[in-house]
Structure formats: structure tokens, C-alpha cells
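Asker: If you scroll down you'll find the structure; I have some questions about it.
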Amino acid sequence: MSDMNQQMTARYKNNFLKEIEEQAEMGDWVKMCMQCGVCSGSCPTNFHGGWDHPPQELFMMIRAGKRDEVLSSNSMWQCVSCYNCYVRCPRKVPITHVMHGLAEYAYRLGKAPKGQPTQHLSKTFWDNATKYGRVNEVKLTQSLYFKDGIGSGIKKALEMQSMALGLVKAKRLNPMEAVGGGHKCKDLKGIHAMLAKARELEAKRKGRQPA
Amino acid sequence: MTVATNQTILVVGGGISGMTAALEAAETGKHVVLVEKNPYLGGRTAQLYRYFPKMCHPTCGLEINLRRLKANPRIQVLTMAEVTGISGTKGDYTVNLKTAPRFVNENCTACGECAKAVSGEIDDAFNYKLGKIKVAYLPHAMAYPQRYVLDPAILGTADADKAKAACKYNAIDLEQKEESVSLKAGAIVWATGWQPYNAENITPYRYGEFPNVITNVEFERLADPHGPTGGKILRPSDGKEAKNIAFIQCAGSRDENHLRHCSRFCCMGSLKQTHYVQEKYGDEGKSTIYYIDIRAIDRFEDFYAKVKANPNVSFVKSKVARISEDKDGNPVCWGVNTEGYVRYSNPHDMVVLAVGMEPSVKGVDIPAEVMADSSGFIMADPANAGIFGAGCATNALDVNRAVQSATAAALRAIQVVNKVARAEA
Ligand SMILES: Cc1cc2nc3c(=O)[nH]c(=O)nc-3n(C[C@H](O)[C@H](O)[C@H](O)COP(=O)(O)OP(=O)(O)OC[C@H]3O[C@@H](n4cnc5c(N)ncnc54)[C@H](O)[C@@H]3O)c2cc1C
Ligand code: SF4
Ligand code: SF4
Ligand code: SF4
Ligand code: SF4
């Protein structure tokens with residue numbers, strides 16, 4: 001069990017709803033759900049199958065204290081942020097944001113499902129963006145293409161070749177960024193200090209031990 | 001000629017609530033002026049086929065009130081009239097009214113010859129525009145006053161002359177004009193009732209686009225023998241018998257994007273309407289109610305239990321997310337059933353949206369300062385002085401509760417004019 005997971009289990013004991021309300025971003029909306037089902041019925045992903053639980057069910061499971069099932073669910077990672085549910089919810093629950101809040105929290109606890117592709121994308125994006133204070137598209141694409149090994153990476157790169165060339169021509173992609181670290185944001189120290197401060201504030205607000 | 005003084009009670013709206021308030025006040029000896037916008041009294045209650053809980057015809061309840069009304073010389077009824085301005089204070093109001101021309105006077109015997117003589121047609125407002133009526137018409141069979149109306153569209157057409165020529169009683173007066181009247185009143189009862197929420201706003205349900213998606217108020221008219229289909233439950237698209245009917249609860253109610261409140265009557269309304277399906281088609285008629293939770297409050301619980309025991313009625317705990325249409329014109333309901341979180345996409349012959357109640361005062365300026373809640377219903381507030389809300393103008397209510405509310409409003413109004421009477425004595 002991760003340290004943070006141990007910490008949270010000890011603090012909230014059997015009150016998983018409270019845990020989500022205090023620890024997951026937007027989690028305090030969960031109690032507003034009246035179980036009407038509009039979100040689940042409106043979710044395009046849900047109707048494609050492959051979801052462990054539609055959003056409505058996740059919210060009920062949170063209230064029922066099904067901690068492990070919720071945190072290890074793949075559903076939050078399947079959300080494509082189409083916002084269909086959010087605009088239709090009769091209670092104005094910001095479902096899309098709750099889904100992402102749950103995903104992020106599960107990830108921090110080390111409970112999120114392993115090898116999940118959207119999780120990989122998020123992590124790669126985050127590392128890429130925070131390292132130099134800006135997203136390096138060439139490196140981001142590379143690490144995504146080659147995530148499953150060299151062979152499939154080359155194949156994907158070839159498939160996308162004409163689009164990449166188009167982007168280069170339109171000055172949307174600079175191949176020189178692949179050389180060295182690519183170009184960085186001017187005040188890199190400042191960015192890192194800002195992120196550290198944000199982390200500190202979040203830990204304080206949520207009563208967590210600073211990471 | 002309308003005679004009114006500071007001891008007069010003005011009642012605005014001649015639905016079941018306004019009629020009740022007027023009668024209660026007049027039967028204690030007060031002078032009452034009842035103002036109704038439509039050419040007939042009864043309001044939305046008259047547009048129901050049957051009403052819960054006893055499943056009697058509304059005309060029966062209205063009939064009793066009409067008899068009391070006809071017997072009471074202290075009530076003056078003004079139809080096709082609206083209030084345009086209120087000034088003054090509690091105990092001393094001046095009210096301005098505008099009356100639209102009916103083009104038919106008191107001589108009318110409702111013989112119907114004028115309607116036979118004309119050919120022009122207009123939308124049938126009483127039947128929620130589900131059909132057409134002639135430009136010379138009786139709003140509905142039991143209308144009070146039993147007097148025909150000529151639609152203004154008839155003016156200047158050949159139909160106008162034909163109607164006039166057909167009338168043997170010299171009842172048609174094409175010279176009638178809109179009139180403005182002003183009168184005094186000590187207290188005012190505001191009983192303008194409700195209107196169905198506009199279902200077109202609920203875009204995933206495609207009302208107005210799919211002909212077989214209709215509203216609960218329209219369904220009342222389809223079931224009524226006096227309605228546009230003669231009481232047969234037929235699909236608007238192809239006239240096919242609609243035997244497999246879906247009811248979608250909370251269509252526009254309990255929804256931050258539409259009406260915030262629970263409209264209170266619509267669960268009972270749909271439970272009642274499953275009786276219509278059973279009555280017309282027996283065991284072949286199937287009803288499916290899609291709901292969040294059924295709110296059949298207090299004494300209506302029995303009614304709910306009986307409907308639940310009917311094997312031809314099924315309940316799906318889910319608010320339908322969207323409706324599509326298949327190649328046969330069947331509306332298909334899509335969603336996830338909360339009991340088990342199972343996805344469904346069910347075709348039906350017809351979908352009835354249980355649309356909620358919106359106060360009809362909403363968006364209409366009450367020509368005075370009146371306190372309303374966030375949904376637009378009139379509140380009981382001392383700031384309203386001598387103006388009292390009654391019936392569905394104050395809340396989403398069924399007939400029984402609307403009548404109770406009207407009686408309460410009448411009592412308050414009576415107290416105001418009693419005070420005026422004592423001061424003037
Ligand atoms: C589908 C459906 C089924 C229902 N079934 C039942 C049932 O089975 N049993 C039951 O108890 N209840 C039922 N109800 C509820 C019932 O219709 C209401 O309780 C009832 O109509 C309330 O009466 P009211 O007089 O307050 O309002 P209304 O009936 O709306 O009357 C208001 C009157 O005021 C007039 N008016 C409006 N504005 C003005 C103005 N500015 N100036 C002058 N006049 C004006 C209107 O023309 C109308 O005549 C049902 C409702 C619906 C939608
Ligand atoms: S649409 Fe909103 S209220 Fe309905 S089940 Fe989803 S989150 Fe809950
Ligand atoms: S925002 Fe996410 S959860 Fe909501 S409907 Fe779209 S995919 Fe589904
Ligand atoms: S207006 Fe004349 S013709 Fe028409 S119904 Fe009345 S009495 Fe008959
Ligand atoms: S009465 Fe029933 S259908 Fe109507 S708004 Fe309330 S819960 Fe919904």
C-alpha cells in the first residue's frame with residue numbers, strides 16, 4: 001500500500017464519501033446526485049461498452065463505501081470529456097470534472113488500473129509539460145508512439161507521416177525540438193517554484209503530508 | 001355594465017381556483033367580479049379527460065360550481081377580459097381591464113348554425129392545437145357561457161356575412177370592438193393558474209420534431225371523446241393505434257436547466273393516464289413509466305399501489321437520456337436503468353412527456369408589485385397587501401389542493417373588504 005493510501009485509509013476509516021469530498025477535486029458534488037441516470041444514458045463511451053461503471057453507478061458506489069472498486073475502476077480513465085453528461089445533469093453536477101478528480105486521486109493513491117493508455121498519456125503529458133515549462137510536441141509524440149516498443153512506434157510514426165509533414169509546413173511542429181532538450185521556458189526555476197507552491201497549498205488544503 | 005366599489009372583490013382567472021374563490025366570497029354576501037381571459041370558465045381542469053383520484057369527468061365537478069355561479073346574483077363574470085393595470089392600495093384599488101370582442105351577444109342560443117355556414121378554420125386552442133375548428137365556434141361542448149365565438153380572422157371575409165346571415169337570433173355583432181373598463185376593488189385574488197412547460201426546450205426528447213412524442217396535456221385530449229380523435233388513442237404521425245406507450249416523468253421538472261421545482265401532480269397524472277390506455281385497449285395496452293422516484297403523496301399512495309399491481313404497466317427507474325426515432329416512426333427511449341445500471345433502448349408506439357407546471361404569471365407582468373418565488377409562483381407575503389394568490393398561480397397543485405388554496409385566498413380577501421365596510425359604515 002502506498003503511504004498516502006495508508007494515511008487516507010486511517011483517516012477516513014469507513015467514510016469513503018467524506019474522503020472523496022475532501023480529497024478528490026470536485027468530490028463534494030457527489031452527494032448532489034439524485035441517481036436519475038441521465039449522465040449514464042448520455043455518455044457516448046458508456047454505450048460503446050468496455051466501461052466498468054457508468055458515472056451514476058460510480059457516485060452510488062462512493063456513497064455505499066465501495067472504496068477499492070471505485071478507485072480501481074477503469075471508468076474515470078475512459079471519459080473523453082465530451083461534457084454531454086455535465087450539460088444535461090438536472091442537478092448541474094460537474095460530472096466530467098468529478099470523473100477527472102476521481103482519476104487523479106486514484107492515481108495518487110496508487111490504486112488506478114495499471115497499463116491504462118489514457119493514464120499513460122496524462123502522465124507523459126504532465127512530465128513533459130512540467131519539466132521545461134512547456135509542452136515539447138515532438139518528444140510527447142515520440143514517447144506516446146514508442147510506448148509499446150520500437151516496432152509499433154515506427155509503424156505508427158509512418159502512418160502519421162503526412163500529417164507530421166503538414167504540421168511542420170504550417171510551422172506547428174518544429175523537428176529541431178527533438179535535438180537536445182528542446183527549447184525551454186525562460187524562467188524555469190520560477191515555474192518549478194510555482195508548481196512546488198501549488199503542491200504545498202493543495203497538501204495544506206486537503207490536510208495531507210507534504211509530498 | 002360592471003358596478004364595483006371598494007367592497008368588491010376582484011378575482012382574476014376563471015379556472016377551478018378562481019371560480020372557487022369567487023363563489024366562496026359571494027356566498028358570504030360579498031360582491032365579486034370574475035375576470036377570465038378565455039371565452040369560457042373552467043381553465044385547464046376543463047381540458048382533462050378524467051381526474052384523479054376518483055377518475056370522474058371534470059365536467060361533473062365544474063357543473064356543480066357553474067350551478068352555484070348561475071344561482072348567485074353577486075358574481076359578475078367577464079370573459080375574454082384581461083387586467084392591464086392596478087393602482088391604489090389595499091382596500092382601495094383601481095383596476096383597468098381590456099375586453100376582446102366575441103362578436104356574439106347574449107342572444108346566442110348556441111344553435112350552431114353559424115359554424116355550419118362558414119368554411120374558414122383556425123387552430124383548436126382547447127385541444128392544444130391538435131386539430132382545427134371553424135372560425136365560428138363553441139370553445140368546447142360544456143363551455144360556460146354557452147355562447148359561440150367568432151375569431152377575429154373572420155372579419156372582412158365572406159364567412160363573416162355567411163355567419164351573420166345564418167343566425168336567426170340576431171346574435172352576431174361584427175361591430176364589437178376591444179373595450180377598456182376601469183373599476184374599483186377592495187381586494188384582489190390572483191388565480192391565473194399554470195401553463196405546461198415548453199417541451200421543445202428539452203432538446204434530447206425532440207418534441208416538435210418527432211410527431212409521436214407528445215405531452216401529457218395533449219394526451220388528455222387524445223383520450224377524451226370530445227377531443228380531436230373522438231377519444232381514440234392514435235399516433236399523430238400515421239393514425240395507428242398507440243398501444244405501447246412510454247411516459248417520461250419529470251420532463252422539465254426537478255431540473256436546474258428547466259424548472260427547479262417538482263410539479264407535484266405529474267406522477268399522479270401519468271399513473272392516471274395508464275388507466276386510459278387500459279380502458280381503451282385492455283390487455284393489449286401496455287404502459288411503461290420511466291421515473292426518478294414516484295411522488296404519489298399521502299392519500300394517493302393507494303392509487304399508486306393499484307397501478308403497480310396492473311401487469312400491463314411497467315416501471316423503469318431511470319430518467320430517459322434521449323429519444324431517437326426508428327424507421328417505422330417509433331420513438332426509441334435510451335438510457336440506463338438505475339436498478340442494475342443496465343442500458344436500454346426501447347421502442348414505443350408513442351411517448352408521453354409528463355411536462356411540469358409553470359405559473360402562467362411567469363413572464364406575464366402582474367400589473368402591480370407582487371412577491372414571487374424563484375419559480376415565479378406568487379408567495380403569501382404581507383408586501384402583497386390586498387392581492388392574494390390562489391391555486392396554481394401560487395404553487396404546482398392538483399385540483400383538490402388548488403381549491404383549498406382558493407378558499408384560503410377568499411377568506412383573506414373577505415377580511416380586507418370587511419374592514420373597508422366597517423370604515424365606511
Ligand atoms: C396532464 C395533467 C393532468 C392533470 N390531472 C389532474 C387530475 O387528474 N386531478 C387533479 O386534481 N389535478 C390534475 N391536474 C392539475 C389541474 O389541472 C390543476 O390543479 C388545476 O388546473 C388548477 O386550477 P387553477 O384554477 O389554479 O388554474 P388553471 O386551470 O390554469 O386556471 C387559470 C385560469 O386563469 C385564466 N387566466 C390566465 N391568465 C389570465 C390573465 N392574465 N387574465 C385573466 N385570466 C387569466 C386562464 O385562462 C384559466 O382559465 C392535471 C394537470 C395536468 C397538466
Ligand atoms: S445526471 Fe446528475 S443527478 Fe442524474 S445520475 Fe448523473 S450525476 Fe446524478
Ligand atoms: S464527459 Fe465523460 S463521463 Fe461525461 S458523457 Fe462525456 S465521456 Fe461520458
Ligand atoms: S351566434 Fe347565432 S347562429 Fe351562432 S350559435 Fe349563436 S344563435 Fe346560433
Ligand atoms: S410529481 Fe413526479 S413527475 Fe412530477 S416533477 Fe414531481 S417527481 Fe417528477
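Following the order of the C-alpha cells, chains are lettered A, B, ..., residues in each are numbered from 1, and ligands are numbered from 1.
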Within 7 Å of ligand 1, counting only C-alpha atoms and all ligand atoms: which residues, as a PDB file with C-alpha atoms, in the first residue's frame?
Answerer:
ATOM      1  CA  VAL B  12     -58.538  37.253 -11.890  1.00  0.00           C
ATOM      2  CA  GLY B  13     -58.611  33.873 -13.651  1.00  0.00           C
ATOM      3  CA  GLY B  14     -61.702  31.705 -14.008  1.00  0.00           C
ATOM      4  CA  GLY B  15     -60.213  28.240 -13.569  1.00  0.00           C
ATOM      5  CA  ILE B  16     -61.308  25.944 -10.779  1.00  0.00           C
ATOM      6  CA  SER B  17     -59.396  28.126  -8.282  1.00  0.00           C
ATOM      7  CA  GLY B  18     -60.811  31.455  -9.433  1.00  0.00           C
ATOM      8  CA  VAL B  35     -62.310  38.169 -14.929  1.00  0.00           C
ATOM      9  CA  GLU B  36     -61.330  35.409 -17.371  1.00  0.00           C
ATOM     10  CA  LYS B  37     -59.081  35.683 -20.413  1.00  0.00           C
ATOM     11  CA  ASN B  38     -60.618  32.747 -22.311  1.00  0.00           C
ATOM     12  CA  LEU B  41     -64.672  29.362 -17.487  1.00  0.00           C
ATOM     13  CA  GLY B  42     -63.048  26.231 -16.083  1.00  0.00           C
ATOM     14  CA  GLY B  43     -59.438  26.748 -17.075  1.00  0.00           C
ATOM     15  CA  ARG B  44     -57.182  23.742 -17.502  1.00  0.00           C
ATOM     16  CA  THR B  45     -59.405  21.466 -15.450  1.00  0.00           C
ATOM     17  CA  LEU B  48     -58.735  16.986 -18.624  1.00  0.00           C
ATOM     18  CA  ARG B  50     -60.861  12.393 -16.173  1.00  0.00           C
ATOM     19  CA  TYR B  51     -59.334  13.412 -12.914  1.00  0.00           C
ATOM     20  CA  PHE B  52     -57.675  11.568 -10.126  1.00  0.00           C
ATOM     21  CA  PRO B  53     -58.169  10.202  -7.579  1.00  0.00           C
ATOM     22  CA  ALA B  81     -61.033  40.047 -20.411  1.00  0.00           C
ATOM     23  CA  GLU B  82     -57.618  40.800 -19.001  1.00  0.00           C
ATOM     24  CA  VAL B  83     -56.266  43.103 -16.333  1.00  0.00           C
ATOM     25  CA  ALA B 191     -55.838  32.879  -9.781  1.00  0.00           C
ATOM     26  CA  THR B 192     -54.329  32.796 -13.252  1.00  0.00           C
ATOM     27  CA  GLY B 193     -53.179  29.189 -12.918  1.00  0.00           C
ATOM     28  CA  TRP B 194     -50.454  27.421 -14.788  1.00  0.00           C
ATOM     29  CA  GLN B 195     -49.145  26.578 -18.193  1.00  0.00           C
ATOM     30  CA  PRO B 196     -47.396  23.412 -19.357  1.00  0.00           C
ATOM     31  CA  ASN B 216     -49.327  14.834 -21.014  1.00  0.00           C
ATOM     32  CA  VAL B 217     -51.777  17.686 -21.607  1.00  0.00           C
ATOM     33  CA  GLU B 220     -55.626  14.122 -22.012  1.00  0.00           C
ATOM     34  CA  PHE B 265     -49.201  16.429  -9.912  1.00  0.00           C
ATOM     35  CA  CYS B 266     -47.379  14.764 -12.827  1.00  0.00           C
ATOM     36  CA  GLY B 269     -51.068  12.427 -13.842  1.00  0.00           C
ATOM     37  CA  LYS B 272     -53.914   8.157 -14.085  1.00  0.00           C
ATOM     38  CA  MET B 357     -46.298  23.183 -14.351  1.00  0.00           C
ATOM     39  CA  SER B 360     -48.857  31.401 -16.083  1.00  0.00           C
ATOM     40  CA  VAL B 361     -47.965  34.637 -14.293  1.00  0.00           C
ATOM     41  CA  ALA B 390     -54.817  31.291  -5.301  1.00  0.00           C
ATOM     42  CA  GLY B 391     -54.440  27.842  -6.858  1.00  0.00           C
ATOM     43  CA  CYS B 392     -51.689  27.052  -9.327  1.00  0.00           C
ATOM     44  CA  ALA B 393     -50.652  30.692  -9.516  1.00  0.00           C
ATOM     45  CA  LEU B 397     -51.128  21.846  -7.159  1.00  0.00           C
ATOM     46  CA  ASP B 398     -53.772  19.279  -8.015  1.00  0.00           C
ATOM     47  CA  VAL B 399     -57.425  20.287  -8.163  1.00  0.00           C
ATOM     48  CA  ASN B 400     -58.144  19.438  -4.553  1.00  0.00           C
ATOM     49  CA  ALA B 402     -55.919  24.300  -5.645  1.00  0.00           C
TER      50      ALA B 402
END
Asker: Which residues, written as an mmCIF file with C-alpha atoms, in the first residue's frame, have at least one atom at most 10 Å from Arg205 (chain A), with only C-alpha atoms counted and residues fewer than 6 positions away on the same chain left out?
Answerer:
data_model
loop_
_atom_site.group_PDB
_atom_site.id
_atom_site.type_symbol
_atom_site.label_atom_id
_atom_site.label_comp_id
_atom_site.auth_asym_id
_atom_site.auth_seq_id
_atom_site.Cartn_x
_atom_site.Cartn_y
_atom_site.Cartn_z
ATOM 1 C CA GLU A 22 -12.302 16.290 0.893
ATOM 2 C CA GLN A 23 -9.587 14.695 -1.179
ATOM 3 C CA ARG A 199 1.560 21.321 -4.324
#
Asker: Compute the set of chain A residues within 9 Å of chain B, using only C-alpha atoms, and express it as an MDAnalysis selection string.
Answerer: chainID A and resid 34:42 46:47 53:54 56:57 87:92
Asker: Do you have the CA of Asn107 (chain B)-atom 2 (Fe, counted along the ligand's line) of ligand 4 distance handy?
Answerer: 7.5 Å
Asker: Extract, using only C-alpha atoms, all DNA, RNA and protein residues at most 9 Å from Pro44 (chain A), discarding same-chain residues fewer than 4 positions from it, and format them as an MDAnalysis selection string.
Answerer: chainID A and resid 40 48 80 82 84
Asker: Give the residues close to ligand 4, within 8 Å, counting only C-alpha atoms and all ligand atoms; write them as a list of chain:residue names.
Answerer: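 Residues lying within 8 Å of ligand 4: B:Val104, B:Asn105, B:Asn107, B:Cys108, B:Thr109, B:Ala110, B:Cys111, B:Gly112, B:Glu113, B:Cys114, B:Ala115, B:Ala136, B:Tyr137, B:Leu138, B:Arg147, B:Tyr148, B:Val149, B:Ala163, B:Lys164, B:Ala166, B:Cys167, B:Lys168, B:Tyr169, B:Asn170, B:Ala171, B:Ile172.
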Asker: For the selection just defined, write its residues with C-alpha atoms to a file, as a compact mmCIF listing (two decimals), in the first residue's frame.
Answerer:
# COMPACT_ATOMS: atom_id res chain seq x y z
CA VAL B 104 -71.59 37.30 -30.49
CA ASN B 105 -74.02 38.82 -27.98
CA ASN B 107 -78.99 36.48 -27.83
CA CYS B 108 -76.93 33.43 -28.83
CA THR B 109 -78.71 30.11 -28.21
CA ALA B 110 -75.68 28.03 -29.23
CA CYS B 111 -77.73 26.58 -32.09
CA GLY B 112 -74.53 26.18 -34.13
CA GLU B 113 -75.93 27.41 -37.47
CA CYS B 114 -73.15 29.99 -37.86
CA ALA B 115 -70.46 27.31 -37.58
CA ALA B 136 -67.23 30.44 -35.68
CA TYR B 137 -67.03 28.04 -32.77
CA LEU B 138 -68.08 26.94 -29.32
CA ARG B 147 -72.16 31.12 -26.39
CA TYR B 148 -70.37 30.93 -29.71
CA VAL B 149 -67.28 32.98 -30.55
CA ALA B 163 -72.33 33.64 -40.32
CA LYS B 164 -74.44 36.72 -39.86
CA ALA B 166 -77.17 32.08 -40.78
CA CYS B 167 -78.00 33.47 -37.35
CA LYS B 168 -81.75 33.58 -36.76
CA TYR B 169 -81.42 35.22 -33.35
CA ASN B 170 -79.65 38.42 -34.28
CA ALA B 171 -76.77 37.35 -32.07
CA ILE B 172 -73.88 38.25 -34.34
Asker: Skipping near chain neighbours, those fewer than 6 positions away, what residues fall within 6 Å of Val332 (chain B) using only C-alpha atoms, listed as a PyMOL selection string?
Answerer: chain B and resi 323-325+346-347
Asker: Which of region 158-187 of chain A end up as helix (DSSP H, G or I) when DSSP is run on this backbone - answer as a list in words?
Answerer: Leu158, Glu159, Gln161, Ser162, Met163, Ala164, Leu165, Gly166, Leu167, Val168, Lys169, Pro175, Met176, Glu177 and Ala178 of chain A
Asker: I need the residue nearest ligand 5 from this list: B:Ile245, B:Ala165, B:Ala125, B:Ala396. Use only C-alpha atoms and all ligand atoms for the distance.
Answerer: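 Checking each candidate against ligand 5, we get B:Ala396 as the closest.
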Asker: Which one of A:Asp28, A:Leu71, A:Arg63, A:Met176 sits closest to Asn14 (chain A) if you count only C-alpha atoms?
Answerer: A:Arg63
Asker: Taking into account only C-alpha atoms and all ligand atoms, which residue in the set B:Tyr276, B:Phe300, B:Trp190, B:Phe126 is nearest to ligand 5?
Answerer: B:Phe300
Asker: When you look at Asn310 (chain B) with a cut-off of 12 Å (counting only C-alpha atoms), what residues show up, excluding the ones that are within fewer than 2 positions of it in the same chain? I need them as a list in words.
Answerer: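 Here the answer would be Leu271, Thr274, His275, Val277, Gln278, Gly282, Asp283, Gly285, Lys286, Ser287, Thr288, Phe303, Tyr304, Ala305, Lys306, Val307, Lys308, Asn312, Val313, Ser314 and Phe315 of chain B.
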Asker: Of the residues B:Lys327, B:Lys90, B:Arg67, B:Lys54, which is the one nearest to Ala185 (chain B), using only C-alpha atoms?
Answerer: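 Comparing B:Lys327, B:Lys90, B:Arg67, B:Lys54 against Ala185 (chain B), the winner is B:Lys90.
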Asker: List every residue of region 87-327 of chain B that DSSP, applied to the backbone of this structure, places in strand (DSSP E or B), and write the result as number ranges by chain.
Answerer: B: 87-89, 92-99, 104, 121-123, 132-134, 136-137, 149-150, 172, 179-185, 187-190, 194-196, 207, 210, 213-215, 234, 241, 244-251, 286-291, 313-317, 322-325
Asker: Tell me which of B:Asn201, B:Ser119, B:Gln76, B:Thr89 sits closest to Asn6 (chain B), counting only C-alpha atoms.
Answerer: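 Under the stated criterion, the closest residue is B:Thr89.
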Asker: CA of Val355 (chain B) and CA of Cys33 (chain A), how far apart in Å?
Answerer: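 Computing the Euclidean distance for CA of Cys33 (chain A) and CA of Val355 (chain B) yields 21.5 Å.
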Asker: What is the distance between CA of Leu188 (chain A) and CA of Arg172 (chain A), in Å to one decimal?
Answerer: 22.8 Å
Asker: Using only C-alpha atoms for the distances, tell me which of B:Leu10, B:Glu200, B:Ile289, B:Gly120 is nearest to Leu97 (chain B).
Answerer: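 When distances to Leu97 (chain B) are compared using only C-alpha atoms, the smallest one comes from B:Leu10.
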